[in-house]
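Chemist: Would you mind keeping the following structure in view while I ask a few things?
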Number of protein chains: 4
Amino acid sequence: MSGRFRARELGIKTGLLQPGPLNGITDVMGVRVGHVTLIEGKTVRTGVTAVLPHDGDLFHEKVFAAVHTLNGFGKATGFEQVREVGTLEAPVLLCSTLDVGRVADGVVGWVLEHDPEMGKRAGTVSPLVAECFDGYLNDARARTVGPEHVWAAIERAQTGPVAEGNVGAGTGMSGFEFKGGVGTSSRQIGERYGSYTVGALVVLNCGRRQQLLVKGVPVGQALADWPGEPAPEGGSIIMVLATDAPLSARQLARVARRAVLGLGRTGAIATHRSGDFVIAFSTAQRVPHREEQLTRTLTVLAEDGRAINWLFQAAVEATEEAIINALCVAETMQGRDDHVRQGLPLDRLVELLYTHGYPSVRLPQV
Amino acid sequence: MSGRFRARELGIKTGLLQPGPLNGITDVMGVRVGHVTLIEGKTVRTGVTAVLPHDGDLFHEKVFAAVHTLNGFGKATGFEQVREVGTLEAPVLLCSTLDVGRVADGVVGWVLEHDPEMGKRAGTVSPLVAECFDGYLNDARARTVGPEHVWAAIERAQTGPVAEGNVGAGTGMSGFEFKGGVGTSSRQIGERYGSYTVGALVVLNCGRRQQLLVKGVPVGQALADWPGEPAPEGGSIIMVLATDAPLSARQLARVARRAVLGLGRTGAIATHRSGDFVIAFSTAQRVPHREEQLTRTLTVLAEDGRAINWLFQAAVEATEEAIINALCVAETMQGRDDHVRQGLPLDRLVELLYTHGYPSVRLPQV
Amino acid sequence: MSGRFRARELGIKTGLLQPGPLNGITDVMGVRVGHVTLIEGKTVRTGVTAVLPHDGDLFHEKVFAAVHTLNGFGKATGFEQVREVGTLEAPVLLCSTLDVGRVADGVVGWVLEHDPEMGKRAGTVSPLVAECFDGYLNDARARTVGPEHVWAAIERAQTGPVAEGNVGAGTGMSGFEFKGGVGTSSRQIGERYGSYTVGALVVLNCGRRQQLLVKGVPVGQALADWPGEPAPEGGSIIMVLATDAPLSARQLARVARRAVLGLGRTGAIATHRSGDFVIAFSTAQRVPHREEQLTRTLTVLAEDGRAINWLFQAAVEATEEAIINALCVAETMQGRDDHVRQGLPLDRLVELLYTHGYPSVRLPQV
Amino acid sequence: MSGRFRARELGIKTGLLQPGPLNGITDVMGVRVGHVTLIEGKTVRTGVTAVLPHDGDLFHEKVFAAVHTLNGFGKATGFEQVREVGTLEAPVLLCSTLDVGRVADGVVGWVLEHDPEMGKRAGTVSPLVAECFDGYLNDARARTVGPEHVWAAIERAQTGPVAEGNVGAGTGMSGFEFKGGVGTSSRQIGERYGSYTVGALVVLNCGRRQQLLVKGVPVGQALADWPGEPAPEGGSIIMVLATDAPLSARQLARVARRAVLGLGRTGAIATHRSGDFVIAFSTAQRVPHREEQLTRTLTVLAEDGRAINWLFQAAVEATEEAIINALCVAETMQGRDDHVRQGLPLDRLVELLYTHGYPSVRLPQV
């Protein structure tokens with residue numbers, strides 16, 4: 001990925017809080033990300049990304065989770081059950097729009113295979129899958145993704161640095177009429193408030209050129225003449241938030257709603273044909289599939305203290321920076337029908353921010 | 001209330017579970033109900049009912065709560081905050097439609113008076129008020145209720161048997177074109193499942209004559225020629241559920257949604273101009289207004305066991321029976337413009353059920 | 001289906017309104033239903049059911065639609081988009097729980113095949129699929145259903161009488177610990193209110209024996225000793241409503257919420273592990289995929305008249321009767337692990353109702 | 001208001017679209033705003049603001065409306081009915097938190113007075129009231145507002161320029177630990193897309209100093225040492241959107257959700273104790289209270305065209321600018337307990353933006 005850098009490598013910092021060591025969703029201990037990237041010939045530009053809250057048996061050790069729909073014009077699946085019972089029981093999978101059914105089926109197959117007792121007592125598993133439409137660069141109608149790719153994404157999922165840009169579900173995506181894709185970021189809150197971490201991972205596929213703001217600078221307008229076919233329909237974004245703060249499903253839903261505020265800072269408006277969804281989970285507690293006892297004891301954040309506000313702040317900031325990272329890292333890609341999405345020109349970006357009063361923004365010397 | 005009886009006094013039993021000793025919402029330990037009934041001249045037929053989860057300082061010892069809207073054509077207030085933070089911090093008040101603002105203001109005044117520190121640190125309190133429209137018998141435009149009535153209802157609230165029928169908020173209400181009003185009932189679940197109690201209190205103001213079912217018997221159709229002006233608009237119902245089961249706000253919302261199934265058994269259809277709302281709370285835990293610690297430990301029902309299903313069953317049954325109780329207890333009332341609502345004729349009711357295979361149903365010998 | 005009868009053939013009538021000529025969802029003009037039933041060896045007892053609002057190109061001639069979730073513990077897909085834009089753009093498919101992804105993918109494939117222009121301009125299609133778990137009789141883990149079955153269900157869909165009981169998605173389902181499956185019913189409202197029809201089609205897989213009420217008669221309790229393994233988890237129900245009344249998406253959501261009241265009349269309580277969903281659509285108007293004009297003119301029901309209430313009444317009644325029909329028509333089935341679900345014994349049912357004051361209920365002489 | 005200026009008077013422009021002539025919510029034809037400002041002694045710093053969609057009889061000529069709750073920790077009333085039936089039937093009132101009940105009651109009284117037939121046939125009216133907490137500067141516990149102020153606000157409501165800053169409901173509010181209050185702005189969309197206008201009016205009472213962004217410039221951090229007591233709780237914001245585009249209630253809800261994206265651009269994070277609500281209405285059509293016909297013909301925006309996206313863009317931009325306007329116009333105020341909220345120092349603001357690459361930003365020569 002020569003010549004591409006993350007926002008902070010360019011000196012672009014936003015917000016009040018500090019990122020974790022990796023500045024990624026994997027700064028939340030135990031969280032794993034796996035990508036399968038499919039680039040073949042001139043027409044296959046797609047992939048799958050898996051996000052796992054921990055490396056245990058997620059079906060039997062569920063985590064609290066929540067979803068939020070900013071714009072429901074999307075094909076995400078599994079939202080009803082998360083809303084009802086507030087838990088995540090399968091890996092989160094992200095993919096191309098027309099592949100949601102296939103990917104959901106792949107998750108079911110993977111869980112059945114890895115939990116041979118599941119079908120007997122527990123019966124069913126609820127996959128959680130969200131998508132954006134990579135049809136500008138990818139031959140999305142071909143539905144290239146199969147169960148083997150889903151399994152591979154889940155099994156490759158690992159802690160540590162997360163690949164960004166043209167990988168996994170982000171492979172063929174666009175953002176603000178530049179190349180979009182996967183981006184990630186994180187924030188840590190103060191010791192006094194629990195030293196919790198919030199991490200974000202986005203698949204960025206939304207926005208028109210002219211809308212793009214970076215630190216409020218109208219970068220998109222300044223780059224109006226940069227090559228790139230208009231994307232009048234807009235497109236979607238999936239935002240996944242993870243935290244180690246002990247949040248209930250209700251509290252996670254509150255955090256999820258804040259991702260929208262971070263998205264707003266990038267200039268996005270959630271266009272009509274845009275499936276804009278947020279998925280949030282906490283790694284702090286595990287919920288057994290079956291409980292022997294009548295009641296269960298939980299530890300949850302005391303909401304009346306200030307920690308919840310710092311978690312909100314963290315969610316806003318990590319979401320915003322994950323989006324900027326996706327744009328900064330994703331490189332120019334050519335795909336089907338000779339369609340091309342240019343990577344955001346980092347030299348121009350740096351120049352624009354420099355002239356808008358951010359003297360420490362500059363291209364690293366490679 | 002000579003000549004009026006509760007359903008079980010008539011031998012009418014529904015459901016699988018047993019009621020508590022009072023067969024009322026006050027079977028949930030600590031729950032208190034207070035009525036102020038206003039009957040004056042020919043036009044005042046209204047009142048206020050207060051339901052309190054405990055006799056402590058509710059603002060500083062909140063309880064978990066949830067709301068459910070079956071039909072939002074109503075003026076209920078306070079729902080947004082319950083949905084967001086899942087707690088109840090003021091007495092639940094029920095009243096006539098046009099009095100909601102006055103009653104909410106009365107609650108605020110009462111809390112301010114009783115919590116002189118509230119305004120300094122905590123700032124605000126969120127009243128929860130719901131209504132039905134008693135305008136057929138009551139001169140609702142006169143808005144007779146004032147803060148003194150709200151205060152009195154709160155302060156009179158007590159444990160023990162709950163007055164039903166033409167009392168409190170139920171004073172001027174109609175049900176299935178008979179006299180409606182307040183009804184209550186309860187159910188207890190087995191020791192194996194925690195010996196929990198679910199209580200319901202309804203203000204019944206909905207339904208057309210022909211829709212009424214009692215134990216599935218089309219009582220309303222059989223009484224089609226009984227006097228009573230049609231109520232083509234239908235009208236509303238407020239259902240309040242209380243339980244001592246340790247339920248989270250999310251779990252309470254699930255219980256609240258089951259009240260609709262109990263309502264369905266009475267033949268109601270939730271007509272267009274009907275504000276049909278459910279309010280549910282648990283007395284099992286108290287949530288402090290301010291928390292010193294970063295986290296809080298909660299005990300909640302383990303949802304994967306079967307206790308939750310028995311709580312659902314209890315909510316359905318208690319709601320249904322509370323509605324039937326309202327009809328059986330409320331006696332004929334004359335109000336404004338010489339409007340009259342007949343009490344459900346118990347002799348006819350008993351006869352109908354007797355001939356429908358319920359031989360133990362009969363009028364008590366007074 | 002010797003010896004099985006629909007409720008009305010047994011003289012069991014509920015409600016105030018009259019059914020349409022077929023007493024099925026296909027009484028709504030243009031609505032089509034297609035079943036694929038898979039019964040093989042000892043372990044395959046499953047299928048797929050497709051419901052189509054019209055025989056046109058649904059993607060380019062969408063219909064207004066709404067969804068309602070009574071209990072979200074289910075794997076239904078496509079709900080977000082219906083909530084957001086209020087239209088249905090693909091056939092509704094019903095199936096077994098673990099097959100949802102496969103079936104959704106089958107729908108996508110079918111639409112792509114039948115709309116070769118779709119991928120170029122429009123890009124994506126949103127399948128709407130709901131499920132119940134037939135794992136008691138069917139080897140659900142085998143996921144027998146493939147795209148060919150989805151296609152066949154769609155292509156076989158036809159107007160006219162709808163097969164009920166052990167067909168399509170209902171093949172392996174249970175209801176109240178009897179054999180469940182597909183049921184349908186309809187209601188017509190008066191000429192003065194538009195002569196509209198509401199049809200319901202359910203896949204019944206919910207309920208414990210003791211809960212079952214037919215016309216309020218506690219049939220389930222009376223048949224407590226009839227053979228049948230307990231289903232302590234409860235199970236799910238999918239309710240599909242169709243109407244030719246010109247309802248907006250918001251109005252359809254209101255109608256959908258009334259299905260819950262009809263469900264309540266059968267004694268169901270929506271147990272914890274129950275995905276209880278309602279899908280409603282109107283055939284009255286078609287919404288083009290692309291609109292050339294800036295605005296669109298719609299005809300919608302004037303909600304302040306009384307027609308909306310009759311539509312509510314119709315939805316309640318048709319849902320209730322569809323459930324009873326499923327029970328009455330579905331015959332005893334043996335499936336995996338020698339599990340058996342008994343068909344509701346119609347002679348006992350008839351006897352019970354007869355002794356509960358319904359003298360016209362009787363078994364037809366075959 | 002010497003020395004205070006609106007954002008555009010300072011050369012601060014945001015977004016892609018042009019404001020209407022007044023750059024206020026009243027650019028939407030027919031919309032009226034009325035303020036009652038109460039400043040007395042040292043402790044009364046409050047008021048009421050009314051927003052009316054038109055000057056007709058709103059109860060009998062309702063308009064389509066929607067609400068959106070970003071954070072429900074607030075006391076707004078009337079939301080259930082707007083969600084259910086999608087219409088606004090009374091003026092929107094904004095006020096101080098503890099006054100919501102009083103103000104709602106004032107609205108009811110006003111409607112009863114002005115519609116003497118209402119109580120007879122129609123029965124009830126649903127007030128829509130939202131609030132922020134002005135308790136830092138105002139003795140909110142005193143609940144100074146009475147029905148006379150509500151009536152006056154409604155009756156003073158007029159078209160034309162809207163007073164901003166320390167007026168009406170904004171009188172005692174804070175924003176980002178500066179003086180907050182009322183702000184307004186508008187955007188017009190292109191002729192090709194219908195020449196529609198979207199106007200926003202906010203009551204700004206949220207945010208911590210360090211969060212404030214103006215055009216992305218971290219103005220709040222730069223002014224960290226400017227006088228002002230911390231507001232650790234955060235506080236609320238009410239956002240009212242008006243448009244003349246012919247939007248249905250569902251479409252208005254989509255527009256309302258976009259206000260959150262505009263709010264995000266100012267750095268706000270929607271803190272825990274924050275009632276953040278959006279109310280949106282369209283003036284394009286009037287819905288009669290009673291309809292003689294069975295059906296009604298509506299004109300709604302064709303959502304698949306691009307106009308909807310421009311309306312979303314307009315909502316985002318107008319909301320953001322209304323917030324900045326509130327901060328720029330509101331002047332320093334002293335209130336109860338000698339609390340002082342400083343007006344945002346415009347000279348510093350201008351300097352900061354100037355040095356961040358916006359050379360045309362400057363203080364007007366007065």
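So you can find residues: chains in the structure tokens are A, B, ... in the order shown, residues in each start at 1, and ligands are numbered from 1 in order.
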Could I get the residues of chain B with an atom no further than 12 Å from an atom of chain A, each paired with its nearest atom pair and that distance in Å to one decimal, using only C-alpha atoms, sorted by chain and residue number, as CSV?
Modeler:
```
residue,atom,partner,partner_atom,distance
B:His60,CA,A:Asp304,CA,12.0
B:Ala66,CA,A:Arg250,CA,11.8
B:Val82,CA,A:Arg250,CA,11.5
B:Arg83,CA,A:Arg250,CA,9.2
B:Glu84,CA,A:Arg250,CA,7.9
B:Val85,CA,A:Arg250,CA,7.9
B:Gly86,CA,A:Arg250,CA,8.3
B:Thr87,CA,A:Glu303,CA,11.6
B:Ala122,CA,A:Asp304,CA,10.5
B:Glu191,CA,A:Leu294,CA,10.9
B:Arg192,CA,A:Leu294,CA,8.8
B:Tyr193,CA,A:Leu294,CA,7.0
B:Gly194,CA,A:Leu294,CA,7.2
B:Ser195,CA,A:Leu294,CA,11.0
B:Tyr196,CA,A:Leu294,CA,11.4
B:Ala245,CA,A:Thr295,CA,9.6
B:Pro246,CA,A:Thr295,CA,7.9
B:Leu247,CA,A:Thr295,CA,9.4
B:Ser248,CA,A:Ser248,CA,9.7
B:Ala249,CA,A:Arg250,CA,8.3
B:Arg250,CA,A:Arg250,CA,7.4
B:Gln251,CA,A:Val85,CA,8.3
B:Leu252,CA,A:Glu84,CA,11.4
B:Ala253,CA,A:Glu84,CA,9.4
B:Arg254,CA,A:Glu84,CA,8.0
B:Val255,CA,A:Glu84,CA,11.7
B:Arg257,CA,A:Glu84,CA,11.5
B:Ala284,CA,A:Thr295,CA,11.9
B:Val287,CA,A:Ala302,CA,9.5
B:Pro288,CA,A:Asp304,CA,8.9
B:His289,CA,A:Asp304,CA,7.3
B:Arg290,CA,A:Asp304,CA,5.8
B:Glu291,CA,A:Asp304,CA,6.2
B:Glu292,CA,A:Gly305,CA,7.5
B:Gln293,CA,A:Ala302,CA,6.9
B:Leu294,CA,A:Ala302,CA,5.5
B:Thr295,CA,A:Leu301,CA,4.3
B:Arg296,CA,A:Val300,CA,5.4
B:Thr297,CA,A:Thr299,CA,4.5
B:Leu298,CA,A:Leu298,CA,5.1
B:Thr299,CA,A:Thr297,CA,4.5
B:Val300,CA,A:Arg296,CA,5.4
B:Leu301,CA,A:Thr295,CA,4.2
B:Ala302,CA,A:Thr295,CA,4.6
B:Glu303,CA,A:Glu291,CA,8.1
B:Asp304,CA,A:Arg290,CA,5.8
B:Gly305,CA,A:Glu291,CA,6.6
B:Arg306,CA,A:Leu294,CA,8.7
B:Ala307,CA,A:Leu294,CA,7.4
B:Ile308,CA,A:Leu294,CA,9.6
```
Chemist: Mind listing the strand (DSSP E) residues of stretch 187-331 of chain D, per DSSP on the backbone, as a VMD selection string?
Modeler: chain D and resid 187 to 188 197 to 204 237 to 243 275 to 282 287 to 288 295 to 301
Chemist: Residues at most 10 Å from C:Leu201, counting only C-alpha atoms, excluding those fewer than 2 positions away in the same chain, as a list in words?
Modeler: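 So, after excluding close chain neighbours, the residues are Gly24, Ile25, Thr26, Val33, Val51, Val162, Glu164, Val182, Gly183, Thr184, Ser185, Ser186, Gly199, Val203, Leu204, Ile238, Met239, Val240, Leu241, Ala242, Ile279, Ala318, Thr319, Glu321, Ala322, Ile323, Asn325 and Ala326 of chain C.
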Chemist: Okay, now the selection with N, CA, C and O atoms, as a short mmCIF file (atom, residue, chain, number, x, y, z; two decimals), in the first residue's frame?
Modeler:
```cif
data_model
loop_
_atom_site.label_atom_id
_atom_site.label_comp_id
_atom_site.auth_asym_id
_atom_site.auth_seq_id
_atom_site.Cartn_x
_atom_site.Cartn_y
_atom_site.Cartn_z
N GLY C 24 -59.70 -16.87 2.23
CA GLY C 24 -58.25 -16.98 2.22
C GLY C 24 -57.62 -15.69 1.77
O GLY C 24 -58.30 -14.77 1.28
N ILE C 25 -56.31 -15.62 1.90
CA ILE C 25 -55.59 -14.39 1.55
C ILE C 25 -55.76 -14.07 0.08
O ILE C 25 -55.68 -12.91 -0.33
N THR C 26 -56.06 -15.09 -0.72
CA THR C 26 -56.25 -14.87 -2.16
C THR C 26 -57.61 -14.26 -2.49
O THR C 26 -57.88 -13.97 -3.66
N VAL C 33 -50.33 -17.33 -3.95
CA VAL C 33 -49.59 -18.11 -2.96
C VAL C 33 -49.04 -19.36 -3.65
O VAL C 33 -49.73 -20.00 -4.42
N VAL C 51 -45.60 -15.65 -1.09
CA VAL C 51 -46.81 -14.83 -1.20
C VAL C 51 -46.49 -13.64 -2.10
O VAL C 51 -45.55 -12.89 -1.80
N VAL C 162 -56.13 -21.65 -1.34
CA VAL C 162 -54.78 -21.84 -0.82
C VAL C 162 -54.74 -23.15 -0.04
O VAL C 162 -55.55 -23.38 0.85
N GLU C 164 -53.69 -25.56 2.82
CA GLU C 164 -53.37 -25.27 4.22
C GLU C 164 -52.82 -26.52 4.89
O GLU C 164 -52.83 -27.62 4.33
N VAL C 182 -49.71 -24.13 7.78
CA VAL C 182 -50.26 -22.97 7.08
C VAL C 182 -51.76 -22.88 7.33
O VAL C 182 -52.47 -23.90 7.29
N GLY C 183 -52.23 -21.67 7.58
CA GLY C 183 -53.66 -21.41 7.65
C GLY C 183 -53.96 -20.08 6.99
O GLY C 183 -53.09 -19.21 6.91
N THR C 184 -55.16 -19.95 6.51
CA THR C 184 -55.52 -18.69 5.87
C THR C 184 -56.98 -18.38 6.15
O THR C 184 -57.76 -19.26 6.55
N SER C 185 -57.35 -17.13 5.98
CA SER C 185 -58.72 -16.69 6.16
C SER C 185 -58.85 -15.29 5.59
O SER C 185 -57.85 -14.66 5.22
N SER C 186 -60.06 -14.80 5.48
CA SER C 186 -60.25 -13.43 5.00
C SER C 186 -61.51 -12.82 5.58
O SER C 186 -62.36 -13.52 6.14
N GLY C 199 -57.02 -10.22 3.91
CA GLY C 199 -56.72 -11.64 3.99
C GLY C 199 -55.52 -11.89 4.86
O GLY C 199 -54.62 -11.06 4.94
N VAL C 203 -48.13 -18.92 9.20
CA VAL C 203 -47.43 -20.17 9.45
C VAL C 203 -47.42 -20.31 10.97
O VAL C 203 -46.77 -19.53 11.68
N LEU C 204 -48.18 -21.27 11.43
CA LEU C 204 -48.40 -21.44 12.87
C LEU C 204 -47.40 -22.46 13.43
O LEU C 204 -47.41 -23.62 13.02
N ILE C 238 -45.70 -16.58 12.01
CA ILE C 238 -45.58 -15.52 11.02
C ILE C 238 -46.98 -15.24 10.49
O ILE C 238 -47.70 -16.16 10.12
N MET C 239 -47.34 -13.97 10.49
CA MET C 239 -48.67 -13.57 10.04
C MET C 239 -48.52 -12.61 8.86
O MET C 239 -47.90 -11.56 9.01
N VAL C 240 -49.07 -12.99 7.73
CA VAL C 240 -49.02 -12.13 6.55
C VAL C 240 -50.42 -11.61 6.28
O VAL C 240 -51.37 -12.40 6.21
N LEU C 241 -50.54 -10.31 6.15
CA LEU C 241 -51.84 -9.69 5.87
C LEU C 241 -51.80 -9.01 4.52
O LEU C 241 -50.84 -8.30 4.21
N ALA C 242 -52.84 -9.19 3.75
CA ALA C 242 -52.96 -8.51 2.47
C ALA C 242 -54.29 -7.78 2.43
O ALA C 242 -55.27 -8.24 3.03
N ILE C 279 -46.37 -9.17 8.60
CA ILE C 279 -46.03 -8.50 7.34
C ILE C 279 -47.36 -8.13 6.69
O ILE C 279 -48.23 -8.98 6.57
N ALA C 318 -59.42 -12.21 10.73
CA ALA C 318 -58.80 -13.09 9.74
C ALA C 318 -57.58 -13.79 10.33
O ALA C 318 -57.31 -14.96 10.04
N THR C 319 -56.84 -13.07 11.17
CA THR C 319 -55.68 -13.69 11.80
C THR C 319 -56.11 -14.82 12.71
O THR C 319 -55.54 -15.93 12.68
N GLU C 321 -58.84 -16.60 12.68
CA GLU C 321 -59.39 -17.76 11.98
C GLU C 321 -58.34 -18.50 11.17
O GLU C 321 -58.40 -19.73 11.04
N ALA C 322 -57.35 -17.77 10.65
CA ALA C 322 -56.27 -18.45 9.92
C ALA C 322 -55.53 -19.41 10.84
O ALA C 322 -55.12 -20.50 10.43
N ILE C 323 -55.36 -19.01 12.08
CA ILE C 323 -54.68 -19.88 13.05
C ILE C 323 -55.52 -21.12 13.33
O ILE C 323 -55.01 -22.25 13.33
N ASN C 325 -57.74 -22.37 11.39
CA ASN C 325 -57.71 -23.19 10.18
C ASN C 325 -56.46 -24.05 10.09
O ASN C 325 -56.52 -25.21 9.69
N ALA C 326 -55.33 -23.46 10.42
CA ALA C 326 -54.08 -24.24 10.37
C ALA C 326 -54.19 -25.47 11.25
O ALA C 326 -53.81 -26.58 10.85
#
```
Chemist: If you count only C-alpha atoms, which residues fall within 12 Å of D:Thr14, apart from same-chain ones fewer than 5 positions away, as a PyMOL selection string?
Modeler: (chain A and resi 211+213+216-218+221+267) or (chain D and resi 7-8+19+185-187+214-216+262+265-266+313-314+316-325+358+361)
Chemist: Could you please determine the separation between atom CA of B:Thr355 and atom CA of C:Tyr354 in Å, to one decimal place?
Modeler: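 Atom CA of C:Tyr354 lies 11.2 Å from atom CA of B:Thr355.
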Chemist: Rounded to one decimal place, report the atom CA of A:Asp105-atom CA of C:Ala169 distance in Å.
Modeler: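 Between atom CA of A:Asp105 and atom CA of C:Ala169 the gap works out to 17.8 Å.
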Chemist: Grab the atom CA of D:Arg32 to atom CA of D:Asp115 distance for me, in Å with one decimal place.
Modeler: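 Distance reported for this atom pair: 19.6 Å.
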Chemist: Nearest residue to A:Phe312 out of D:Ala268, D:Val340, D:Ala330, D:Ala163, using only C-alpha atoms?
Modeler: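 Residue with the minimum atom-to-atom distance to A:Phe312: D:Ala268.
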Chemist: Do a neighbour search on B:Ala270 at 7 Å with only C-alpha atoms, toss out local chain neighbours closer than 4 positions, and write the hits as a PyMOL selection string.
Modeler: chain B and resi 71+274+276
Chemist: List the neighbours of B:Val107 out to 9 Å using only C-alpha atoms; skip same-chain residues closer than 3 positions along the sequence, and give me the result as a ChimeraX atom specification.
Modeler: /B:90-91,93,102-104,110-112,125-128,147,150-151,154
Chemist: Neighbours of D:Pro364 within 10 Å (only C-alpha atoms; same-chain residues fewer than 4 positions away dropped), as a ChimeraX atom specification?
Modeler: /D:3-5,9-11
Chemist: Please produce a file of the residues just selected, as an mmCIF file, in the first residue's frame, where the atoms kept are N, CA, C and O atoms.
Modeler:
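See selection-v7.cif below for the written result:
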```cif
data_model
loop_
_atom_site.group_PDB
_atom_site.id
_atom_site.type_symbol
_atom_site.label_atom_id
_atom_site.label_comp_id
_atom_site.auth_asym_id
_atom_site.auth_seq_id
_atom_site.Cartn_x
_atom_site.Cartn_y
_atom_site.Cartn_z
ATOM 1 N N GLY D 3 -23.442 44.530 18.789
ATOM 2 C CA GLY D 3 -22.226 43.728 18.842
ATOM 3 C C GLY D 3 -22.442 42.248 18.607
ATOM 4 O O GLY D 3 -21.481 41.495 18.689
ATOM 5 N N ARG D 4 -23.661 41.841 18.355
ATOM 6 C CA ARG D 4 -23.890 40.428 18.046
ATOM 7 C C ARG D 4 -24.305 40.316 16.573
ATOM 8 O O ARG D 4 -25.013 41.197 16.048
ATOM 9 N N PHE D 5 -23.908 39.277 15.954
ATOM 10 C CA PHE D 5 -24.180 39.108 14.530
ATOM 11 C C PHE D 5 -24.511 37.654 14.240
ATOM 12 O O PHE D 5 -24.083 36.760 14.961
ATOM 13 N N GLU D 9 -23.339 37.121 8.737
ATOM 14 C CA GLU D 9 -22.896 38.516 8.839
ATOM 15 C C GLU D 9 -21.404 38.576 9.188
ATOM 16 O O GLU D 9 -20.731 39.571 8.931
ATOM 17 N N LEU D 10 -20.933 37.487 9.772
ATOM 18 C CA LEU D 10 -19.507 37.391 10.091
ATOM 19 C C LEU D 10 -18.721 36.747 8.942
ATOM 20 O O LEU D 10 -17.506 36.583 9.042
ATOM 21 N N GLY D 11 -19.428 36.382 7.903
ATOM 22 C CA GLY D 11 -18.756 35.722 6.780
ATOM 23 C C GLY D 11 -18.624 34.227 6.953
ATOM 24 O O GLY D 11 -17.927 33.561 6.182
#
```
Chemist: List every residue of stretch 185-219 of chain B that DSSP, applied to the backbone of this structure, places in helix (DSSP H, G or I), and write the result as a list in words.
Modeler: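 After running DSSP on the backbone, stretch 185-219 of chain B has helix (DSSP H, G or I) at Glu191, Arg192, Tyr193, Arg209, Gln210, Gln211 and Val219 of chain B.
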